[in-house]
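Dropping entry15.pdb in here (PDB, C-alpha atoms, pLDDT in the B column):
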ATOM      1  CA  LEU A   1     113.721 124.481 110.347  1.00 78.00           C
ATOM      2  CA  HIS A   2     115.194 123.551 113.709  1.00 79.00           C
ATOM      3  CA  ASP A   3     116.114 120.115 112.364  1.00 81.00           C
ATOM      4  CA  VAL A   4     117.829 121.694 109.376  1.00 83.00           C
ATOM      5  CA  GLU A   5     119.635 124.086 111.713  1.00 87.00           C
ATOM      6  CA  ALA A   6     120.799 121.071 113.750  1.00 89.00           C
ATOM      7  CA  LEU A   7     122.426 119.645 110.594  1.00 88.00           C
ATOM      8  CA  TRP A   8     124.217 122.959 110.119  1.00 90.00           C
ATOM      9  CA  TRP A   9     125.528 122.835 113.692  1.00 90.00           C
ATOM     10  CA  LEU A  10     126.717 119.273 113.190  1.00 89.00           C
ATOM     11  CA  ALA A  11     128.640 120.287 110.066  1.00 89.00           C
ATOM     12  CA  ALA A  12     130.110 123.297 111.896  1.00 90.00           C
ATOM     13  CA  PHE A  13     131.138 121.048 114.776  1.00 88.00           C
ATOM     14  CA  LEU A  14     132.853 118.530 112.498  1.00 85.00           C
ATOM     15  CA  LEU A  15     134.745 121.289 110.705  1.00 86.00           C
ATOM     16  CA  PHE A  16     135.719 123.624 113.530  1.00 87.00           C
ATOM     17  CA  ALA A  17     136.131 121.178 116.424  1.00 85.00           C
ATOM     18  CA  GLY A  18     137.886 118.658 114.204  1.00 82.00           C
ATOM     19  CA  LEU A  19     141.591 118.518 113.478  1.00 76.00           C
ATOM     20  CA  LEU A  20     142.720 119.200 109.926  1.00 73.00           C
ATOM     21  CA  LYS A  21     144.930 116.153 109.279  1.00 72.00           C
ATOM     22  CA  ASN A  22     145.550 116.477 105.561  1.00 69.00           C
ATOM     23  CA  THR A  23     145.131 119.881 103.912  1.00 69.00           C
ATOM     24  CA  GLY A  24     145.187 118.556 100.357  1.00 71.00           C
ATOM     25  CA  THR A  25     147.637 119.331  97.600  1.00 73.00           C
ATOM     26  CA  ARG A  26     146.770 123.002  96.998  1.00 75.00           C
ATOM     27  CA  PHE A  27     147.543 124.363 100.462  1.00 76.00           C
ATOM     28  CA  PRO A  28     150.341 124.158 103.014  1.00 77.00           C
ATOM     29  CA  THR A  29     150.094 122.226 106.233  1.00 81.00           C
ATOM     30  CA  ILE A  30     148.169 123.919 109.008  1.00 82.00           C
ATOM     31  CA  THR A  31     150.284 126.148 111.271  1.00 86.00           C
ATOM     32  CA  GLU A  32     150.066 126.279 115.053  1.00 88.00           C
ATOM     33  CA  GLY A  33     148.558 129.784 114.843  1.00 91.00           C
ATOM     34  CA  GLN A  34     145.855 128.547 112.464  1.00 90.00           C
ATOM     35  CA  ARG A  35     145.162 125.562 114.725  1.00 87.00           C
ATOM     36  CA  GLN A  36     144.794 127.893 117.733  1.00 89.00           C
ATOM     37  CA  ALA A  37     142.460 130.212 115.795  1.00 90.00           C
ATOM     38  CA  GLN A  38     140.330 127.212 114.838  1.00 89.00           C
ATOM     39  CA  SER A  39     140.292 126.058 118.459  1.00 87.00           C
ATOM     40  CA  ARG A  40     139.158 129.532 119.622  1.00 87.00           C
ATOM     41  CA  LEU A  41     136.349 129.479 117.061  1.00 88.00           C
ATOM     42  CA  ALA A  42     135.264 126.006 118.199  1.00 89.00           C
ATOM     43  CA  LYS A  43     135.278 127.105 121.828  1.00 87.00           C
ATOM     44  CA  ASP A  44     133.263 130.228 121.049  1.00 86.00           C
ATOM     45  CA  LEU A  45     130.681 128.264 119.065  1.00 88.00           C
ATOM     46  CA  PHE A  46     130.372 125.226 121.294  1.00 88.00           C
ATOM     47  CA  CYS A  47     131.279 126.317 124.818  1.00 87.00           C
ATOM     48  CA  VAL A  48     130.141 129.927 125.249  1.00 85.00           C
ATOM     49  CA  PRO A  49     126.366 130.235 124.736  1.00 86.00           C
ATOM     50  CA  THR A  50     126.294 134.010 124.255  1.00 86.00           C
ATOM     51  CA  ARG A  51     129.040 133.926 121.639  1.00 86.00           C
ATOM     52  CA  ARG A  52     127.381 130.971 119.895  1.00 86.00           C
ATOM     53  CA  SER A  53     124.076 132.818 119.738  1.00 86.00           C
ATOM     54  CA  HIS A  54     125.653 136.032 118.459  1.00 86.00           C
ATOM     55  CA  ALA A  55     127.739 134.187 115.866  1.00 85.00           C
ATOM     56  CA  PHE A  56     124.704 132.383 114.493  1.00 87.00           C
ATOM     57  CA  THR A  57     122.087 135.119 114.613  1.00 85.00           C
ATOM     58  CA  LEU A  58     123.974 138.418 114.424  1.00 83.00           C
ATOM     59  CA  HIS A  59     127.623 138.499 113.447  1.00 84.00           C
ATOM     60  CA  GLY A  60     128.173 135.368 111.420  1.00 87.00           C
ATOM     61  CA  LEU A  61     131.464 133.526 111.125  1.00 86.00           C
ATOM     62  CA  ARG A  62     133.435 135.706 108.691  1.00 86.00           C
ATOM     63  CA  GLY A  63     135.319 137.560 111.432  1.00 87.00           C
ATOM     64  CA  TYR A  64     137.085 134.325 112.342  1.00 87.00           C
ATOM     65  CA  PHE A  65     138.229 133.408 108.829  1.00 89.00           C
ATOM     66  CA  PRO A  66     141.376 135.562 108.355  1.00 90.00           C
ATOM     67  CA  ASN A  67     143.332 133.531 110.926  1.00 91.00           C
ATOM     68  CA  LEU A  68     142.116 130.085 109.858  1.00 91.00           C
ATOM     69  CA  HIS A  69     143.815 127.682 107.462  1.00 89.00           C
ATOM     70  CA  PRO A  70     142.590 128.460 103.899  1.00 89.00           C
ATOM     71  CA  ARG A  71     140.777 125.096 103.629  1.00 86.00           C
ATOM     72  CA  VAL A  72     138.951 125.590 106.932  1.00 88.00           C
ATOM     73  CA  ALA A  73     138.044 129.145 105.871  1.00 91.00           C
ATOM     74  CA  GLU A  74     136.861 127.840 102.481  1.00 89.00           C
ATOM     75  CA  PHE A  75     134.470 125.358 104.066  1.00 89.00           C
ATOM     76  CA  GLY A  76     133.562 127.942 106.689  1.00 92.00           C
ATOM     77  CA  GLY A  77     132.514 130.256 103.851  1.00 92.00           C
ATOM     78  CA  ILE A  78     130.123 127.606 102.597  1.00 93.00           C
ATOM     79  CA  LEU A  79     128.742 127.176 106.119  1.00 92.00           C
ATOM     80  CA  GLU A  80     128.374 130.958 106.347  1.00 93.00           C
ATOM     81  CA  ARG A  81     126.214 130.978 103.184  1.00 93.00           C
ATOM     82  CA  MET A  82     124.156 128.153 104.652  1.00 91.00           C
ATOM     83  CA  ARG A  83     123.745 130.100 107.900  1.00 92.00           C
ATOM     84  CA  LYS A  84     122.394 133.063 105.945  1.00 92.00           C
ATOM     85  CA  TYR A  85     119.894 130.795 104.140  1.00 90.00           C
ATOM     86  CA  LEU A  86     118.732 129.509 107.519  1.00 90.00           C
ATOM     87  CA  ILE A  87     118.386 132.970 109.037  1.00 90.00           C
ATOM     88  CA  ARG A  88     116.334 134.141 106.023  1.00 88.00           C
ATOM     89  CA  ALA A  89     114.105 131.065 106.269  1.00 85.00           C
ATOM     90  CA  PHE A  90     113.524 131.588 109.999  1.00 84.00           C
ATOM     91  CA  ARG A  91     112.695 135.268 109.485  1.00 84.00           C
ATOM     92  CA  ALA A  92     110.308 134.518 106.627  1.00 82.00           C
ATOM     93  CA  ALA A  93     108.607 131.729 108.582  1.00 78.00           C
ATOM     94  CA  GLU A  94     108.262 133.864 111.714  1.00 77.00           C
ATOM     95  CA  ASP A  95     106.959 136.930 109.863  1.00 78.00           C
ATOM     96  CA  GLY A  96     103.432 137.461 111.156  1.00 71.00           C
ATOM     97  CA  LEU A  97     103.587 134.181 113.042  1.00 71.00           C
ATOM     98  CA  GLU A  98     100.388 133.382 114.920  1.00 73.00           C
ATOM     99  CA  GLN A  99     100.772 129.615 115.223  1.00 71.00           C
ATOM    100  CA  PRO A 100     103.635 127.074 115.314  1.00 69.00           C
ATOM    101  CA  LEU A 101     105.742 126.716 112.185  1.00 64.00           C
ATOM    102  CA  PRO A 102     104.427 124.036 109.805  1.00 63.00           C
ATOM    103  CA  PHE A 103     106.728 121.098 109.042  1.00 61.00           C
ATOM    104  CA  SER A 104     106.753 122.053 105.358  1.00 62.00           C
ATOM    105  CA  VAL A 105     108.489 125.418 105.863  1.00 58.00           C
ATOM    106  CA  ALA A 106     111.971 124.310 104.797  1.00 56.00           C
ATOM    107  CA  LYS A 107     110.668 122.567 101.687  1.00 57.00           C
ATOM    108  CA  ASP A 108     108.391 125.460 100.769  1.00 57.00           C
ATOM    109  CA  GLN A 109     111.300 127.886 100.867  1.00 62.00           C
ATOM    110  CA  LYS A 110     113.586 125.614  98.840  1.00 80.00           C
ATOM    111  CA  LEU A 111     115.975 125.690 101.771  1.00 81.00           C
ATOM    112  CA  TYR A 112     116.520 121.951 101.631  1.00 80.00           C
ATOM    113  CA  LYS A 113     117.769 122.069  98.027  1.00 83.00           C
ATOM    114  CA  LEU A 114     120.035 125.042  98.734  1.00 86.00           C
ATOM    115  CA  LEU A 115     121.642 123.317 101.700  1.00 86.00           C
ATOM    116  CA  VAL A 116     122.061 120.010  99.878  1.00 85.00           C
ATOM    117  CA  ASN A 117     123.885 121.875  97.092  1.00 89.00           C
ATOM    118  CA  GLU A 118     126.196 123.551  99.614  1.00 90.00           C
ATOM    119  CA  PHE A 119     126.923 120.274 101.412  1.00 88.00           C
ATOM    120  CA  GLN A 120     127.694 118.721  98.019  1.00 88.00           C
ATOM    121  CA  LYS A 121     130.295 121.444  97.382  1.00 89.00           C
ATOM    122  CA  ILE A 122     132.023 120.519 100.641  1.00 84.00           C
ATOM    123  CA  ILE A 123     131.905 116.799  99.843  1.00 82.00           C
ATOM    124  CA  ASN A 124     133.262 117.337  96.321  1.00 84.00           C
ATOM    125  CA  SER A 125     136.118 119.520  97.563  1.00 80.00           C
ATOM    126  CA  LEU A 126     137.057 117.079 100.316  1.00 78.00           C
ATOM    127  CA  ALA A 127     137.123 114.155  97.889  1.00 76.00           C
ATOM    128  CA  ALA A 128     138.894 115.934  95.033  1.00 76.00           C
ATOM    129  CA  ASP A 129     141.819 117.127  97.127  1.00 72.00           C
ATOM    130  CA  ASP A 130     142.011 114.403  99.803  1.00 70.00           C
ATOM    131  CA  VAL A 131     141.320 116.789 102.685  1.00 70.00           C
ATOM    132  CA  GLN A 132     140.904 114.950 105.976  1.00 69.00           C
ATOM    133  CA  VAL A 133     139.326 116.227 109.174  1.00 71.00           C
ATOM    134  CA  SER A 134     139.657 114.072 112.275  1.00 71.00           C
ATOM    135  CA  ILE A 135     137.617 114.150 115.455  1.00 70.00           C
ATOM    136  CA  LYS A 136     139.354 112.492 118.393  1.00 66.00           C
ATOM    137  CA  ALA A 137     137.112 112.301 121.429  1.00 66.00           C
ATOM    138  CA  GLU A 138     139.920 112.578 123.997  1.00 70.00           C
ATOM    139  CA  GLU A 139     141.529 115.634 122.357  1.00 61.00           C
ATOM    140  CA  LEU A 140     138.139 117.291 122.003  1.00 61.00           C
ATOM    141  CA  GLN A 141     137.224 116.652 125.636  1.00 64.00           C
ATOM    142  CA  ASN A 142     140.543 118.158 126.762  1.00 63.00           C
ATOM    143  CA  ALA A 143     139.995 121.227 124.576  1.00 56.00           C
ATOM    144  CA  LEU A 144     136.476 121.727 125.877  1.00 58.00           C
ATOM    145  CA  ARG A 145     137.546 121.208 129.492  1.00 61.00           C
ATOM    146  CA  SER A 146     140.250 123.840 129.100  1.00 54.00           C
ATOM    147  CA  ASN A 147     137.574 126.330 128.173  1.00 50.00           C
ATOM    148  CA  ASP A 148     136.233 126.771 131.723  1.00 51.00           C
ATOM    149  CA  GLU A 149     137.827 130.233 131.900  1.00 51.00           C
ATOM    150  CA  ALA A 150     136.109 131.369 128.703  1.00 48.00           C
ATOM    151  CA  VAL A 151     132.727 130.207 130.000  1.00 50.00           C
ATOM    152  CA  ALA A 152     133.318 131.998 133.317  1.00 53.00           C
ATOM    153  CA  LEU A 153     134.338 135.161 131.439  1.00 50.00           C
ATOM    154  CA  ALA A 154     131.230 135.047 129.244  1.00 49.00           C
ATOM    155  CA  THR A 155     129.025 134.557 132.303  1.00 50.00           C
ATOM    156  CA  GLU A 156     130.702 137.516 133.986  1.00 55.00           C
ATOM    157  CA  GLU A 157     130.243 139.667 130.841  1.00 50.00           C
ATOM    158  CA  LYS A 158     126.563 138.729 130.695  1.00 47.00           C
ATOM    159  CA  SER A 159     126.084 139.571 134.380  1.00 46.00           C
ATOM    160  CA  GLN A 160     127.676 142.989 133.861  1.00 50.00           C
ATOM    161  CA  GLU A 161     125.592 143.540 130.733  1.00 46.00           C
ATOM    162  CA  TYR A 162     122.423 143.155 132.813  1.00 42.00           C
ATOM    163  CA  GLY A 163     123.757 145.170 135.743  1.00 48.00           C
ATOM    164  CA  GLU A 164     124.117 142.239 138.094  1.00 42.00           C
ATOM    165  CA  GLU A 165     126.782 142.481 140.757  1.00 43.00           C
ATOM    166  CA  GLU A 166     129.286 139.793 141.577  1.00 42.00           C
ATOM    167  CA  ASP A 167     128.927 137.886 144.868  1.00 39.00           C
TER     168      ASP A 167
END

Translate this file's structure into structure tokens.
Amino acid sequence: LHDVEALWWLAAFLLFAGLLKNTGTRFPTITEGQRQAQSRLAKDLFCVPTRRSHAFTLHGLRGYFPNLHPRVAEFGGILERMRKYLIRAFRAAEDGLEQPLPFSVAKDQKLYKLLVNEFQKIINSLAADDVQVSIKAEELQNALRSNDEAVALATEEKSQEYGEEED
């Protein structure tokens, strides 16, 4: 299950940390506001551990979608369904757990087939409408570096949550 979850995170990274270069023929070009909303989502998921954990296990991704480009939100919706499949599989596997999870858990719960079908929807949509997402290492590194304030804020929030005092 953890390996399958890692595939989900990789897909989320490619979508949310990537740059939407061609939106396809059905939608307008991405606006600066949509690009900033996507950047905030990427930073929350990949730079702030508490927000990442809450987004995956508790709140999901839907709250981010209204400000995203429609294509990013569309693929995000597919990832959100996949996230729910994963959460259900983890809960079912951990129910009454007395020993480590067997390697066959994902196959036994048909999770693999569900996720393959969802990934195929993304692939088909990308190909049919010539949507292009680009990952440029330098731009990504700059975006992640600029997130130091968000990480510091999250650390401060966590400290206050547990009643720790600042030095």

For the contact check between range 22-79 of chain A and range 118-130 of chain A, emit one row per residue of range 22-79 of chain A within 10 Å, containing the shortest atom pair and the distance in Å rounded to one decimal, counting only C-alpha atoms, chain then rising number order, as JSON lines.
{"residue": "A:Asn22", "atom": "CA", "partner": "A:Asp130", "partner_atom": "CA", "distance": 7.1}
{"residue": "A:Thr23", "atom": "CA", "partner": "A:Asp130", "partner_atom": "CA", "distance": 7.5}
{"residue": "A:Gly24", "atom": "CA", "partner": "A:Asp129", "partner_atom": "CA", "distance": 4.9}
{"residue": "A:Thr25", "atom": "CA", "partner": "A:Asp129", "partner_atom": "CA", "distance": 6.2}
{"residue": "A:Arg26", "atom": "CA", "partner": "A:Asp129", "partner_atom": "CA", "distance": 7.7}
{"residue": "A:Phe27", "atom": "CA", "partner": "A:Asp129", "partner_atom": "CA", "distance": 9.8}
{"residue": "A:Arg71", "atom": "CA", "partner": "A:Leu126", "partner_atom": "CA", "distance": 9.4}
{"residue": "A:Glu74", "atom": "CA", "partner": "A:Ile122", "partner_atom": "CA", "distance": 9.0}
{"residue": "A:Phe75", "atom": "CA", "partner": "A:Ile122", "partner_atom": "CA", "distance": 6.4}
{"residue": "A:Gly76", "atom": "CA", "partner": "A:Ile122", "partner_atom": "CA", "distance": 9.7}
{"residue": "A:Ile78", "atom": "CA", "partner": "A:Glu118", "partner_atom": "CA", "distance": 6.4}
{"residue": "A:Leu79", "atom": "CA", "partner": "A:Glu118", "partner_atom": "CA", "distance": 7.9}

Where does the PyMOL selection byres ((chain A and resi 40-49) around 6) land in this file, that is, which residues does it pick, as a short mmCIF file (atom, residue, chain, number, x, y, z; two decimals) with C-alpha atoms, in the coordinates of the input?
data_model
loop_
_atom_site.label_atom_id
_atom_site.label_comp_id
_atom_site.auth_asym_id
_atom_site.auth_seq_id
_atom_site.Cartn_x
_atom_site.Cartn_y
_atom_site.Cartn_z
CA PHE A 16 135.72 123.62 113.53
CA ALA A 17 136.13 121.18 116.42
CA ALA A 37 142.46 130.21 115.80
CA GLN A 38 140.33 127.21 114.84
CA SER A 39 140.29 126.06 118.46
CA THR A 50 126.29 134.01 124.26
CA ARG A 51 129.04 133.93 121.64
CA ARG A 52 127.38 130.97 119.90
CA VAL A 151 132.73 130.21 130.00
#

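CA of Gly77 in chain A is positioned 8.0 Å from CA of Leu61 in chain A.
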
Nearest to Phe65 in chain A, chosen from A:Ala89, A:Leu10, A:Gln34, A:Arg83, with only C-alpha atoms counted in the distances:
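Going through A:Ala89, A:Leu10, A:Gln34, A:Arg83 one by one, the smallest distance to Phe65 in chain A is for A:Gln34.
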
Report, in Å with one decimal, the straight-line distance from CA of Leu14 in chain A to CA of Phe90 in chain A.
23.5 Å

Correct to one decimal, the distance CA of Gly63 in chain A-CA of Arg91 in chain A is 22.8 Å

Looking at all atoms listed in the file, which of A:Ile135, A:Lys110, A:Leu20, A:Thr31 is the one that sits closest to Asn67 in chain A?
A:Thr31

Give the padded box for range 114-130 of chain A as AutoDock Vina command-line options: axis-aligned, covering all atoms listed in the file, 6 Å on each side, centre and edge lengths in Å to one decimal.
--center_x 131.0 --center_y 119.6 --center_z 98.4 --size_x 34.0 --size_y 22.9 --size_z 18.7

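Using only C-alpha atoms, the nearest neighbour of Lys21 in chain A within the list A:Leu114, A:Leu58, A:Val72, A:Val4 is A:Val72.
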
A:Val133, A:Leu86, A:Leu115, A:Ile30 ranked by distance to Glu5 in chain A, top pick (using only C-alpha atoms):
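With only C-alpha atoms as the atom set, the closest residue is A:Leu86.
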
Give the answer as one residue: which of A:Ala93, A:Ala55, A:Leu19, A:Val116 has the shortest atom-to-atom distance to His2 in chain A, using all atoms listed in the file?
A:Ala93

Of the residues A:Leu1, A:Ala73, A:His54, A:Gly60, which is the one nearest to Arg35 in chain A, using all atoms listed in the file?
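That would be A:Ala73, the residue with the smallest distance to Arg35 in chain A.
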